Amino acid sequence: MENNTNTHATQLHDLIQILTERVETYRAIISSVDANKDIDLIAFLEKCMQLTQQFKSELNGVLAKEDSPFSEREWVASNLYTRWQEEKPSVEAIGRDQVIEVCEKTENTLLRIFQEILSNTGSFTESTTAMLKSQATLQQEIVEQIKGATKATDQER
């Protein structure tokens with residue numbers, strides 16, 4: 001049976017990998033949209049990427065401080081990453097509508113992953129739990145902003 005430290009580190013490693021792929025997804029999206037027409041969308045995605053990189057750094061710091069022996073092992077995907085792989089959308093977006101759809105699916109999947117992590121915080125320290133809750137709140141805000149963009153796009157039609 002896996003102990004709490006290993007569970008903790010495994011979930012954080014999965015989350016770091018998920019966040020890495022989130023940044024890659026948004027880089028691909030940015031390169032596929034019209035830089036002249038979608039300035040607001042590009043700015044939003046760049047902000048998400050910056051926040052993601054900052055959070056990844058914080059998570060790596062947690063791993064190094066709290067789980068240093070486990071964090072040095074090679075990462076092996078667990079259930080959180082597997083869910084991400086199953087649910088994340090393809091990045092074959094062409095137009096603004098498809099881009100927003102991909103963003104919405106990506107962010108909703110990430111929000112569900114945060115909710116799952118936070119449903120069993122017993123393996124995390126108080127400071128790590130607080131950091132994860134803060135990120136989950138930010139994630140909820142991102143989801144709401146994307147829903148707002150979706151509504152605005154629908155109204156333009």
# chains A, B, ... in the order shown; residues from 1 in each chain; ligands from 1

$ select_by_dssp --residues "range 7-157 of chain A" --states "helix (DSSP H, G or I)" --output "ChimeraX atom specification"
/A:7-32,39-66,68-71,79-87,96-119,121-123,126-156

$ residues_around --residues "range 14-25 of chain A" --least-positions-apart "4" --cutoff "8 Å" --atoms "only C-alpha atoms" --output "list in words"
Thr10, Ile29, Met49, Thr52, Gln53, Lys56, Leu59, Asn60, Ala77, Ser78, Leu80, Tyr81, Trp84, Val91 and Thr106 of chain A

$ residues_around --residues "Asp40 in chain A" --least-positions-apart "2" --cutoff "12 Å" --atoms "only C-alpha atoms" --output "ChimeraX atom specification"
/A:30,33-38,42-47,96,100,145-146,149

$ closest_residue --among "A:Ser32, A:Asn79, A:Phe124, A:Phe55" --to "Ala136 in chain A" --atoms "only C-alpha atoms"
A:Phe55

$ atom_distance --atom1 "CA of Ala9 in chain A" --atom2 "CA of Ala28 in chain A"
28.7 Å

$ atom_distance --atom1 "CA of Val62 in chain A" --atom2 "CA of Ala130 in chain A"
12.2 Å

$ closest_residue --among "A:Asn108, A:Ser119, A:Thr129, A:Gln98" --to "Ile142 in chain A" --atoms "only C-alpha atoms"
A:Asn108
